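J.: Contents of upload23.cif (mmCIF, C-alpha atoms; chains and numbers go by the auth columns) are given next:
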```
data_upload
loop_
_atom_site.group_PDB
_atom_site.id
_atom_site.type_symbol
_atom_site.label_atom_id
_atom_site.label_comp_id
_atom_site.label_asym_id
_atom_site.label_seq_id
_atom_site.Cartn_x
_atom_site.Cartn_y
_atom_site.Cartn_z
_atom_site.B_iso_or_equiv
_atom_site.auth_seq_id
_atom_site.auth_asym_id
ATOM 1 C CA GLY A 1 24.180 -17.053 -20.834 0.00 13 A
ATOM 2 C CA GLU A 2 21.394 -19.447 -21.582 0.00 14 A
ATOM 3 C CA ARG A 3 18.287 -19.361 -19.387 0.00 15 A
ATOM 4 C CA THR A 4 16.968 -22.519 -17.743 0.00 16 A
ATOM 5 C CA PRO A 5 13.633 -23.718 -19.199 0.00 17 A
ATOM 6 C CA ALA A 6 10.488 -23.679 -17.065 0.00 18 A
ATOM 7 C CA PRO A 7 7.142 -25.351 -17.735 0.00 19 A
ATOM 8 C CA ALA A 8 4.764 -22.906 -19.441 0.00 20 A
ATOM 9 C CA ASP A 9 2.149 -23.374 -16.707 0.00 21 A
ATOM 10 C CA ALA A 10 4.518 -22.791 -13.758 0.00 22 A
ATOM 11 C CA GLU A 11 3.660 -19.825 -11.576 0.00 23 A
ATOM 12 C CA ALA A 12 4.836 -18.173 -8.394 0.00 24 A
ATOM 13 C CA SER A 13 2.467 -16.356 -6.056 0.00 25 A
ATOM 14 C CA ILE A 14 2.462 -14.339 -2.888 0.00 26 A
ATOM 15 C CA LEU A 15 0.033 -16.230 -0.654 0.00 27 A
ATOM 16 C CA SER A 16 -0.009 -13.498 1.986 0.00 28 A
ATOM 17 C CA PRO A 17 -0.315 -10.635 2.486 0.00 29 A
ATOM 18 C CA GLU A 18 -2.979 -9.959 -0.146 0.00 30 A
ATOM 19 C CA ASP A 19 -2.725 -7.210 -2.736 0.00 31 A
ATOM 20 C CA GLY A 20 -4.005 -3.974 -1.208 0.00 32 A
ATOM 21 C CA ALA A 21 -3.610 -5.146 2.401 0.00 33 A
ATOM 22 C CA THR A 22 -2.772 -2.765 5.229 0.00 34 A
ATOM 23 C CA VAL A 23 -0.303 -4.453 7.577 0.00 35 A
ATOM 24 C CA SER A 24 1.956 -3.772 10.531 0.00 36 A
ATOM 25 C CA SER A 25 5.713 -4.212 10.397 0.00 37 A
ATOM 26 C CA PRO A 26 7.309 -6.715 10.628 0.00 38 A
ATOM 27 C CA VAL A 27 5.440 -8.282 7.689 0.00 39 A
ATOM 28 C CA THR A 28 5.516 -12.034 7.076 0.00 40 A
ATOM 29 C CA VAL A 29 5.372 -12.878 3.372 0.00 41 A
ATOM 30 C CA HIS A 30 4.379 -16.440 2.360 0.00 42 A
ATOM 31 C CA PHE A 31 5.541 -17.688 -1.060 0.00 43 A
ATOM 32 C CA GLY A 32 3.586 -20.035 -3.324 0.00 44 A
ATOM 33 C CA LEU A 33 4.745 -22.068 -6.318 0.00 45 A
ATOM 34 C CA LYS A 34 2.855 -24.291 -8.787 0.00 46 A
ATOM 35 C CA GLY A 35 4.277 -26.506 -11.524 0.00 47 A
ATOM 36 C CA MET A 36 7.851 -26.515 -10.188 0.00 48 A
ATOM 37 C CA GLY A 37 9.785 -27.415 -7.060 0.00 49 A
ATOM 38 C CA VAL A 38 12.048 -25.464 -4.729 0.00 50 A
ATOM 39 C CA ALA A 39 15.748 -26.332 -4.543 0.00 51 A
ATOM 40 C CA PRO A 40 18.617 -24.435 -2.890 0.00 52 A
ATOM 41 C CA ALA A 41 20.803 -22.143 -4.973 0.00 53 A
ATOM 42 C CA GLY A 42 23.646 -24.056 -6.595 0.00 54 A
ATOM 43 C CA VAL A 43 21.534 -27.200 -7.071 0.00 55 A
ATOM 44 C CA LYS A 44 21.045 -27.797 -10.801 0.00 56 A
ATOM 45 C CA GLN A 45 17.878 -29.843 -11.173 0.00 57 A
ATOM 46 C CA ASP A 46 15.119 -29.755 -13.813 0.00 58 A
ATOM 47 C CA LYS A 47 11.916 -27.864 -12.978 0.00 59 A
ATOM 48 C CA THR A 48 13.289 -26.339 -9.772 0.00 60 A
ATOM 49 C CA GLY A 49 14.514 -22.992 -8.546 0.00 61 A
ATOM 50 C CA HIS A 50 14.578 -20.738 -5.512 0.00 62 A
ATOM 51 C CA HIS A 51 12.655 -17.607 -4.658 0.00 63 A
ATOM 52 C CA HIS A 52 13.761 -13.998 -4.974 0.00 64 A
ATOM 53 C CA LEU A 53 11.583 -11.218 -3.571 0.00 65 A
ATOM 54 C CA LEU A 54 11.636 -7.870 -5.346 0.00 66 A
ATOM 55 C CA ILE A 55 10.781 -5.013 -2.985 0.00 67 A
ATOM 56 C CA ASN A 56 9.850 -1.616 -4.423 0.00 68 A
ATOM 57 C CA THR A 57 11.467 -2.436 -7.763 0.00 69 A
ATOM 58 C CA GLU A 58 10.423 -3.949 -11.088 0.00 70 A
ATOM 59 C CA LEU A 59 11.517 -6.994 -13.033 0.00 71 A
ATOM 60 C CA THR A 60 13.115 -5.432 -16.111 0.00 72 A
ATOM 61 C CA SER A 61 14.156 -7.223 -19.294 0.00 73 A
ATOM 62 C CA GLU A 62 17.799 -6.683 -18.246 0.00 74 A
ATOM 63 C CA LYS A 63 17.193 -8.598 -15.019 0.00 75 A
ATOM 64 C CA LEU A 64 15.754 -11.556 -16.947 0.00 76 A
ATOM 65 C CA ASN A 65 19.080 -12.457 -18.575 0.00 77 A
ATOM 66 C CA THR A 66 21.537 -12.065 -15.710 0.00 78 A
ATOM 67 C CA PRO A 67 21.783 -13.285 -12.129 0.00 79 A
ATOM 68 C CA LEU A 68 19.457 -11.218 -9.948 0.00 80 A
ATOM 69 C CA PRO A 69 21.353 -8.825 -7.670 0.00 81 A
ATOM 70 C CA SER A 70 21.331 -9.344 -3.922 0.00 82 A
ATOM 71 C CA ASP A 71 20.494 -6.116 -2.098 0.00 83 A
ATOM 72 C CA ASN A 72 17.681 -4.456 -0.115 0.00 84 A
ATOM 73 C CA ARG A 73 15.403 -4.471 -3.184 0.00 85 A
ATOM 74 C CA HIS A 74 16.276 -8.012 -4.330 0.00 86 A
ATOM 75 C CA ARG A 75 16.174 -10.560 -1.496 0.00 87 A
ATOM 76 C CA HIS A 76 17.519 -14.044 -2.202 0.00 88 A
ATOM 77 C CA PHE A 77 16.175 -17.197 -0.591 0.00 89 A
ATOM 78 C CA GLY A 78 18.858 -19.578 -1.803 0.00 90 A
ATOM 79 C CA GLY A 79 18.289 -21.971 1.067 0.00 91 A
ATOM 80 C CA GLY A 80 14.916 -22.913 -0.390 0.00 92 A
ATOM 81 C CA GLN A 81 12.890 -20.772 2.028 0.00 93 A
ATOM 82 C CA THR A 82 9.170 -20.320 1.301 0.00 94 A
ATOM 83 C CA GLN A 83 8.503 -17.358 3.586 0.00 95 A
ATOM 84 C CA THR A 84 10.250 -14.367 5.112 0.00 96 A
ATOM 85 C CA THR A 85 9.632 -11.599 7.621 0.00 97 A
ATOM 86 C CA LEU A 86 10.402 -8.049 6.496 0.00 98 A
ATOM 87 C CA ASP A 87 10.898 -4.882 8.502 0.00 99 A
ATOM 88 C CA LEU A 88 9.363 -2.232 6.266 0.00 100 A
ATOM 89 C CA PRO A 89 8.907 1.451 7.090 0.00 101 A
ATOM 90 C CA PRO A 90 5.396 2.950 7.096 0.00 102 A
ATOM 91 C CA GLY A 91 4.017 3.680 3.630 0.00 103 A
ATOM 92 C CA GLU A 92 3.216 1.904 0.386 0.00 104 A
ATOM 93 C CA HIS A 93 5.439 -0.942 -0.828 0.00 105 A
ATOM 94 C CA THR A 94 5.408 -3.275 -3.848 0.00 106 A
ATOM 95 C CA LEU A 95 6.358 -6.961 -3.662 0.00 107 A
ATOM 96 C CA GLN A 96 6.933 -9.491 -6.435 0.00 108 A
ATOM 97 C CA LEU A 97 8.366 -13.011 -6.438 0.00 109 A
ATOM 98 C CA VAL A 98 10.706 -14.242 -9.155 0.00 110 A
ATOM 99 C CA LEU A 99 11.978 -17.807 -9.277 0.00 111 A
ATOM 100 C CA GLY A 100 15.678 -18.062 -10.059 0.00 112 A
ATOM 101 C CA ASP A 101 17.587 -21.084 -11.286 0.00 113 A
ATOM 102 C CA TRP A 102 20.656 -22.558 -9.620 0.00 114 A
ATOM 103 C CA ARG A 103 22.641 -19.483 -10.808 0.00 115 A
ATOM 104 C CA HIS A 104 20.006 -16.912 -9.653 0.00 116 A
ATOM 105 C CA VAL A 105 18.922 -16.275 -13.284 0.00 117 A
ATOM 106 C CA PRO A 106 15.147 -16.133 -13.977 0.00 118 A
ATOM 107 C CA HIS A 107 13.793 -19.078 -15.988 0.00 119 A
ATOM 108 C CA ASP A 108 12.515 -19.033 -19.567 0.00 120 A
ATOM 109 C CA PRO A 109 9.645 -18.265 -19.482 0.00 121 A
ATOM 110 C CA PRO A 110 10.051 -16.322 -16.216 0.00 122 A
ATOM 111 C CA VAL A 111 8.193 -17.758 -13.221 0.00 123 A
ATOM 112 C CA THR A 112 6.867 -14.725 -11.374 0.00 124 A
ATOM 113 C CA SER A 113 4.059 -13.642 -9.120 0.00 125 A
ATOM 114 C CA GLU A 114 1.784 -10.701 -9.713 0.00 126 A
ATOM 115 C CA ARG A 115 3.306 -7.494 -8.372 0.00 127 A
ATOM 116 C CA ILE A 116 1.285 -6.564 -5.279 0.00 128 A
ATOM 117 C CA THR A 117 1.040 -3.349 -3.278 0.00 129 A
ATOM 118 C CA ILE A 118 0.749 -3.298 0.508 0.00 130 A
ATOM 119 C CA THR A 119 0.551 -0.422 2.966 0.00 131 A
ATOM 120 C CA VAL A 120 2.490 -0.566 6.225 0.00 132 A
ATOM 121 C CA LYS A 121 0.815 1.469 8.944 0.00 133 A
#
```
Kindly present the structure from the file in structure tokens form.

T.:
Amino acid sequence: GERTPAPADAEASILSPEDGATVSSPVTVHFGLKGMGVAPAGVKQDKTGHHHLLINTELTSEKLNTPLPSDNRHRHFGGGQTQTTLDLPPGEHTLQLVLGDWRHVPHDPPVTSERITITVK
């Protein structure tokens, strides 16, 4: 299918925790977004989307063209949430935000955060 356009300057970010942080579980992750708005899944509106958090996985080119899966490595926030609390086991974990359109498909160009690494003690 066709991907929903996004402004070229739109960007998602993980406001906290910071890259390289050592944290205790549960971990609260705060989402940031510039250049677009947040709308619930199923709401088709220009320059909006909803967050997906990738945990210990990467955003591959295959994932860019299809609805993002919903599982332990791909968390959906279709209600328009801008934060979540995760129970993560001790060790190193990667986190990355990806904005999905009303169908859970990443925008074109994709609106993503940097991929960060945290350590849960």

J.: Find the smallest box with edges along x, y and z containing every listed atom of region 74-85 of chain A, then add 6 Å on each side and report centre and edge lengths in Å to one decimal, as AutoDock Vina command-line options.

T.:
```
--center_x 18.6 --center_y -8.9 --center_z -9.3 --size_x 18.4 --size_y 20.8 --size_z 30.5
```

J.: Give the answer as one residue: which of A:Gly44, A:Gly91, A:Pro79, A:Gly54 has the shortest atom-to-atom distance to Val123 (chain A), using all atoms listed in the file?

T.: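 Looking only at the distances to Val123 (chain A), the closest residue turns out to be A:Gly44.
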
J.: For the PyMOL selection byres ((chain A and resi 89) around 7), applied here, can you spell out every residue it catches as number ranges by chain?

T.: A: 62-64, 87-88, 90-93

J.: For the structure provided, state which residues fall under the PyMOL selection byres ((chain A and resi 70) around 10), and present them as a list in words.

T.: Leu66, Ile67, Asn68, Thr69, Leu71, Thr72, Ser73, Lys75, Arg85, His86, Thr106, Leu107, Gln108 and Arg127 of chain A

J.: Determine, counting only C-alpha atoms, every residue of protein, DNA or RNA that lies within 12 Å of (13.5, -22.7, -4.5) in the file coordinates, then give the result as an MDAnalysis selection string.

T.: chainID A and resid 24 43:46 48:65 88:95 109:116 118 123

J.: I want to know what sits within 8 Å of Glu30 (chain A), based on only C-alpha atoms, with residues of the same chain fewer than 3 positions away left out; could you give that as a CSV table (one decimal) with C-alpha atoms, keeping the file's coordinate frame?

T.:
```
chain,number,residue,atom,x,y,z
A,26,ILE,CA,2.5,-14.3,-2.9
A,27,LEU,CA,0.0,-16.2,-0.7
A,33,ALA,CA,-3.6,-5.1,2.4
A,128,ILE,CA,1.3,-6.6,-5.3
A,130,ILE,CA,0.7,-3.3,0.5
```

J.: List the residues selected by the PyMOL selection byres ((chain A and resi 133) around 7) in the file shown, writing them as a list in words.

T.: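 On this input, the PyMOL selection byres ((chain A and resi 133) around 7) captures Thr34, Val35, Ser36, Pro102, Gly103, Thr131 and Val132 of chain A.
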
J.: Between CA of Asn84 (chain A) and CA of Pro121 (chain A), measure the distance and give it in Å to one decimal.

T.: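 Calculated distance between CA of Asn84 (chain A) and CA of Pro121 (chain A) is 25.1 Å.
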
J.: Could you tell me which of A:His42, A:Leu100, A:Glu74, A:Gly32 comes closest to Thr129 (chain A) if we count all atoms listed in the file?

T.: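 Nearest candidate to Thr129 (chain A) out of A:His42, A:Leu100, A:Glu74, A:Gly32: A:Gly32.
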
J.: To one decimal place, how far is CA of Glu126 (chain A) from CA of Glu14 (chain A) in Å?

T.: 24.5 Å

J.: Quick check, in Å to one decimal: how far apart do CA of Ala20 (chain A) and CA of His119 (chain A) lie?

T.: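 So the two atoms, CA of Ala20 (chain A) and CA of His119 (chain A), lie 10.4 Å apart.
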
J.: If we count only C-alpha atoms, what is near Gly47 (chain A) at a cut-off of 8 Å, once residues fewer than 5 positions away on the same chain are taken out, given as number ranges by chain?

T.: A: 19, 21-23, 59

J.: Would you mind putting N, CA, C and O atoms back on region 35-54 of chain A and writing the result as a PDB file, in the frame of the given file?

T.:
```
ATOM      1  N   VAL A  35      -0.964  -3.554   6.626  1.00  0.00           N
ATOM      2  CA  VAL A  35      -0.303  -4.453   7.577  1.00  0.00           C
ATOM      3  C   VAL A  35       0.565  -3.659   8.544  1.00  0.00           C
ATOM      4  O   VAL A  35       0.839  -2.483   8.330  1.00  0.00           O
ATOM      5  N   SER A  36       0.996  -4.344   9.593  1.00  0.00           N
ATOM      6  CA  SER A  36       1.956  -3.772  10.531  1.00  0.00           C
ATOM      7  C   SER A  36       3.304  -4.412  10.274  1.00  0.00           C
ATOM      8  O   SER A  36       3.383  -5.564   9.852  1.00  0.00           O
ATOM      9  N   SER A  37       4.368  -3.660  10.541  1.00  0.00           N
ATOM     10  CA  SER A  37       5.713  -4.212  10.397  1.00  0.00           C
ATOM     11  C   SER A  37       6.116  -4.819  11.741  1.00  0.00           C
ATOM     12  O   SER A  37       5.775  -4.250  12.783  1.00  0.00           O
ATOM     13  N   PRO A  38       6.802  -5.958  11.769  1.00  0.00           N
ATOM     14  CA  PRO A  38       7.309  -6.715  10.628  1.00  0.00           C
ATOM     15  C   PRO A  38       6.187  -7.460   9.888  1.00  0.00           C
ATOM     16  O   PRO A  38       5.190  -7.843  10.479  1.00  0.00           O
ATOM     17  N   VAL A  39       6.411  -7.655   8.578  1.00  0.00           N
ATOM     18  CA  VAL A  39       5.440  -8.282   7.689  1.00  0.00           C
ATOM     19  C   VAL A  39       5.954  -9.663   7.299  1.00  0.00           C
ATOM     20  O   VAL A  39       7.070  -9.780   6.798  1.00  0.00           O
ATOM     21  N   THR A  40       5.141 -10.693   7.521  1.00  0.00           N
ATOM     22  CA  THR A  40       5.516 -12.034   7.076  1.00  0.00           C
ATOM     23  C   THR A  40       4.914 -12.260   5.694  1.00  0.00           C
ATOM     24  O   THR A  40       3.718 -12.062   5.496  1.00  0.00           O
ATOM     25  N   VAL A  41       5.780 -12.639   4.756  1.00  0.00           N
ATOM     26  CA  VAL A  41       5.372 -12.878   3.372  1.00  0.00           C
ATOM     27  C   VAL A  41       5.507 -14.378   3.112  1.00  0.00           C
ATOM     28  O   VAL A  41       6.573 -14.961   3.325  1.00  0.00           O
ATOM     29  N   HIS A  42       4.402 -15.015   2.670  1.00  0.00           N
ATOM     30  CA  HIS A  42       4.379 -16.440   2.360  1.00  0.00           C
ATOM     31  C   HIS A  42       4.419 -16.608   0.850  1.00  0.00           C
ATOM     32  O   HIS A  42       3.633 -15.991   0.137  1.00  0.00           O
ATOM     33  N   PHE A  43       5.332 -17.475   0.365  1.00  0.00           N
ATOM     34  CA  PHE A  43       5.541 -17.688  -1.060  1.00  0.00           C
ATOM     35  C   PHE A  43       4.796 -18.943  -1.521  1.00  0.00           C
ATOM     36  O   PHE A  43       4.799 -19.953  -0.833  1.00  0.00           O
ATOM     37  N   GLY A  44       4.221 -18.874  -2.719  1.00  0.00           N
ATOM     38  CA  GLY A  44       3.586 -20.035  -3.324  1.00  0.00           C
ATOM     39  C   GLY A  44       4.245 -20.366  -4.657  1.00  0.00           C
ATOM     40  O   GLY A  44       4.811 -19.496  -5.307  1.00  0.00           O
ATOM     41  N   LEU A  45       4.154 -21.633  -5.058  1.00  0.00           N
ATOM     42  CA  LEU A  45       4.745 -22.068  -6.318  1.00  0.00           C
ATOM     43  C   LEU A  45       3.950 -23.258  -6.851  1.00  0.00           C
ATOM     44  O   LEU A  45       3.684 -24.202  -6.106  1.00  0.00           O
ATOM     45  N   LYS A  46       3.559 -23.187  -8.131  1.00  0.00           N
ATOM     46  CA  LYS A  46       2.855 -24.291  -8.787  1.00  0.00           C
ATOM     47  C   LYS A  46       3.617 -24.692 -10.039  1.00  0.00           C
ATOM     48  O   LYS A  46       4.153 -23.850 -10.743  1.00  0.00           O
ATOM     49  N   GLY A  47       3.676 -26.001 -10.300  1.00  0.00           N
ATOM     50  CA  GLY A  47       4.277 -26.506 -11.524  1.00  0.00           C
ATOM     51  C   GLY A  47       5.777 -26.682 -11.485  1.00  0.00           C
ATOM     52  O   GLY A  47       6.373 -27.117 -12.472  1.00  0.00           O
ATOM     53  N   MET A  48       6.401 -26.341 -10.358  1.00  0.00           N
ATOM     54  CA  MET A  48       7.851 -26.515 -10.188  1.00  0.00           C
ATOM     55  C   MET A  48       8.126 -26.798  -8.718  1.00  0.00           C
ATOM     56  O   MET A  48       7.254 -26.623  -7.870  1.00  0.00           O
ATOM     57  N   GLY A  49       9.368 -27.177  -8.425  1.00  0.00           N
ATOM     58  CA  GLY A  49       9.785 -27.415  -7.060  1.00  0.00           C
ATOM     59  C   GLY A  49      10.821 -26.403  -6.612  1.00  0.00           C
ATOM     60  O   GLY A  49      11.390 -25.674  -7.425  1.00  0.00           O
ATOM     61  N   VAL A  50      11.051 -26.367  -5.308  1.00  0.00           N
ATOM     62  CA  VAL A  50      12.048 -25.464  -4.729  1.00  0.00           C
ATOM     63  C   VAL A  50      13.311 -26.263  -4.427  1.00  0.00           C
ATOM     64  O   VAL A  50      13.237 -27.353  -3.852  1.00  0.00           O
ATOM     65  N   ALA A  51      14.453 -25.727  -4.840  1.00  0.00           N
ATOM     66  CA  ALA A  51      15.748 -26.332  -4.543  1.00  0.00           C
ATOM     67  C   ALA A  51      16.706 -25.209  -4.148  1.00  0.00           C
ATOM     68  O   ALA A  51      16.569 -24.080  -4.625  1.00  0.00           O
ATOM     69  N   PRO A  52      17.667 -25.481  -3.277  1.00  0.00           N
ATOM     70  CA  PRO A  52      18.617 -24.435  -2.890  1.00  0.00           C
ATOM     71  C   PRO A  52      19.435 -23.927  -4.078  1.00  0.00           C
ATOM     72  O   PRO A  52      19.625 -24.643  -5.068  1.00  0.00           O
ATOM     73  N   ALA A  53      19.905 -22.704  -3.965  1.00  0.00           N
ATOM     74  CA  ALA A  53      20.803 -22.143  -4.973  1.00  0.00           C
ATOM     75  C   ALA A  53      21.999 -23.077  -5.125  1.00  0.00           C
ATOM     76  O   ALA A  53      22.457 -23.688  -4.159  1.00  0.00           O
ATOM     77  N   GLY A  54      22.494 -23.200  -6.330  1.00  0.00           N
ATOM     78  CA  GLY A  54      23.646 -24.056  -6.595  1.00  0.00           C
ATOM     79  C   GLY A  54      23.274 -25.485  -6.941  1.00  0.00           C
ATOM     80  O   GLY A  54      24.117 -26.254  -7.377  1.00  0.00           O
TER      81      GLY A  54
END
```
